[in-house]
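Enquirer: This is the structure I want to talk about, given as structure tokens.
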Amino acid sequence: MMSMSIIMHPYVVPSLLFLFKAAVGQISISVPASPPAGNTSHQLPSHYLGLSIEFASLVDFSGPPGQPNGYTKTCLDALRNVGGRPLHFRIGGNTQDRSTFLEDQSTPIINNFPYFGADQPTNLTFGPGYFESLHQIASGDPVVFGLRLHNASADEQAVVASRALAAIPELTAFSIGNEPDLFSNPGFANVTDYESTVQSFYRTVAASIESQMKPAVFQAGDTCCKSAFFPEEQIAAGLKNTSEYVIEAVGQHHYFMSACTPASASQINLEKLMNHQNTVAYLDALKPDIAAIENAGLTYVQSETNSISCQGTSGASDSFGAALWTLDYALQLATRGAQWVDFHVGTNYRYAPFQPVQVNQTGPFTKPNYSALLALQAFLGSADAAVRVSEVASQDPYLAAYVAYEAAVPKRVALINTHIYNATASSTDAPKVTVSLNGASVSEVRRLTGAGANVRAGALWGNQNWEGGCFASGVEQMEKAENGEINIRNSEAVVVWLK
């Protein structure tokens, strides 16, 4: 994940929109009979939702070989069980470029932390058991495995690639290097220098694994912060498919805010994070990169993202407001052309949807944004459906409205009210909007709610809480729309099933 304060795409104005208007009391939203031109996704793969797992944290999430982490398994299986949709996994992060493979190491991983309670190790070694642990968590879902680039040998990484392929049948592609635009000692002089180096790695790895994967498949990019290294510039510098290897996708890393420096951390504000207009403006800045990737015949993905870089911030990244941001961001990103999104997680990262093991005598436990992932899977529907997502116009700029189409027929609507309402306010002061849907008939409604945007526990999806080990607690509640109208409190969302 990003380790410096330059996290915003240079096309984004530094000052995010912040002034919230009062919610419009009653509005009407039109549901087009077919996906409208513009603001509509490509057909999404069944594995649109993914997790980017920090390299050093994998075994905490998966458990050692033969000892699967039951907490993680329950959490992931519950997500998979919504519509039978598989997940996508990317293994990487900063510690990908601090890793050394030791063939004779008996333990899956040895992390060398600089001090007690540090989020990440200074360096790590991993053995063959690491691959077994990864296979254990993947459980048939596609995996992109991160190889080291910084201070690394292509020949050594080719050995790692071969060992990974032999042990992980789910492995679909390799990525090489994490956020290489931030490398130092040594770093890359420019994007041409980077492309020359990484393409040399591609060729070496491809030749080594030819008998296991032909052609070799790579996820390119995984840059984050310096505009001179963004995908548009990578393509101009020669990124493309060749006869030796295939570029499965071009990954980009983005975080909405940053906790990496005191200056950037001082700007963190839950109201700014939730604001739908900010999300739209932020993703508008990615248009040149997405267009360049698609014009080159390649696929755009966000291979690492989350709310606040440098592992998030307590009180913001782990709040219910961040859960609403998660749902809005994932759907908005789909309408911009992303084929999947990998939300980054680590053992004790504040923005992770759950903590898989005990840390400092706390945990494991689940956070509000886990319920948002359940809502996302439900909105996307069945894994075997041809789903496209459109954003549709809303009279309230802070009420995000999305339609899921199957075979060009509207099936579900997601409404996300990003006006802030905190639990510290009087319950009688909770404003709401009342929405009617034109051109659609409501079957039932499922609500994503909490006591307020600022709470860090108690999120409900369909009246059920998932914080007790990712098991549903409470009686599932599907609501009816009275007179075709749906009430949505500020800092709340609903998924609407259509007749």
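Following the order of the structure tokens, first chain is A, next is B, and so on, with residues numbered from 1 inside each chain and ligands from 1 in the order they appear.
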Can you build me a table of segment 55-147 of chain A residues sitting at most 7 Å from segment 341-360 of chain A, with the closest atom pair per residue and its distance in Å to one decimal, using only C-alpha atoms, sorted by chain and residue number, as CSV?

Expert:
```
residue,atom,partner,partner_atom,distance
A:Ser57,CA,A:Thr347,CA,5.5
A:Asp60,CA,A:Val357,CA,6.4
A:Phe61,CA,A:Pro356,CA,5.4
A:Tyr71,CA,A:Pro356,CA,6.2
A:Thr72,CA,A:Pro356,CA,5.8
A:Arg90,CA,A:Asp342,CA,7.0
A:Asp119,CA,A:Asn348,CA,6.8
```

Enquirer: Considering only strand (DSSP E or B) as DSSP defines it on the backbone, what residues of segment 139-313 of chain A qualify? List them as a ChimeraX atom specification.

Expert: /A:143-147,171-176,216-223,245-258,300-309

Enquirer: Under the rule of at most 6 Å, produce a per-residue listing of segment 322-426 of chain A near segment 273-293 of chain A: chain, number, name, the closest pair of atoms, and the distance in Å, as CSV, using only C-alpha atoms.

Expert:
```
residue,atom,partner,partner_atom,distance
A:Trp325,CA,A:Met274,CA,5.2
A:Tyr398,CA,A:His276,CA,5.3
A:Thr418,CA,A:Asn275,CA,5.6
```

Enquirer: At a cut-off of 7 Å, can you tabulate as CSV every residue of segment 182-249 of chain A near segment 158-167 of chain A together with its closest atom pair and the distance in Å to one decimal, using only C-alpha atoms and ordering rows by chain then number?

Expert:
```
residue,atom,partner,partner_atom,distance
A:Thr204,CA,A:Ala158,CA,6.8
A:Val205,CA,A:Ala158,CA,4.5
A:Ser208,CA,A:Ala158,CA,6.0
A:Ile209,CA,A:Ser162,CA,5.8
```

Enquirer: Mind checking which residues fall within 9 Å of Leu324 of chain A, counting only C-alpha atoms, ignoring those fewer than 4 positions away in the same chain, and posting them as a tab-separated table (two decimals) with C-alpha atoms, in the first residue's frame?

Expert:
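Ended up saving to part_37.tsv:
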```
chain	number	residue	atom	x	y	z
A	274	MET	CA	-18.62	9.33	2.45
A	320	PHE	CA	-20.18	2.43	9.23
A	328	ASP	CA	-20.56	3.31	-3.42
A	329	TYR	CA	-16.91	3.14	-4.53
A	369	ASN	CA	-17.61	-2.76	5.88
A	372	ALA	CA	-21.18	-3.64	2.71
A	416	ILE	CA	-26.86	4.92	-1.04
A	417	ASN	CA	-27.59	8.01	1.04
A	418	THR	CA	-24.21	9.61	1.74
A	448	LEU	CA	-27.80	-1.69	5.06
A	453	ALA	CA	-21.97	6.90	10.21
A	491	SER	CA	-26.05	7.42	6.24
A	492	GLU	CA	-27.95	4.36	5.12
A	493	ALA	CA	-28.36	2.28	1.94
```

Enquirer: Tell me which of A:Asp429, A:Asp97, A:Glu479, A:Asp141 sits closest to Gly50 of chain A, counting only C-alpha atoms.

Expert: A:Asp141
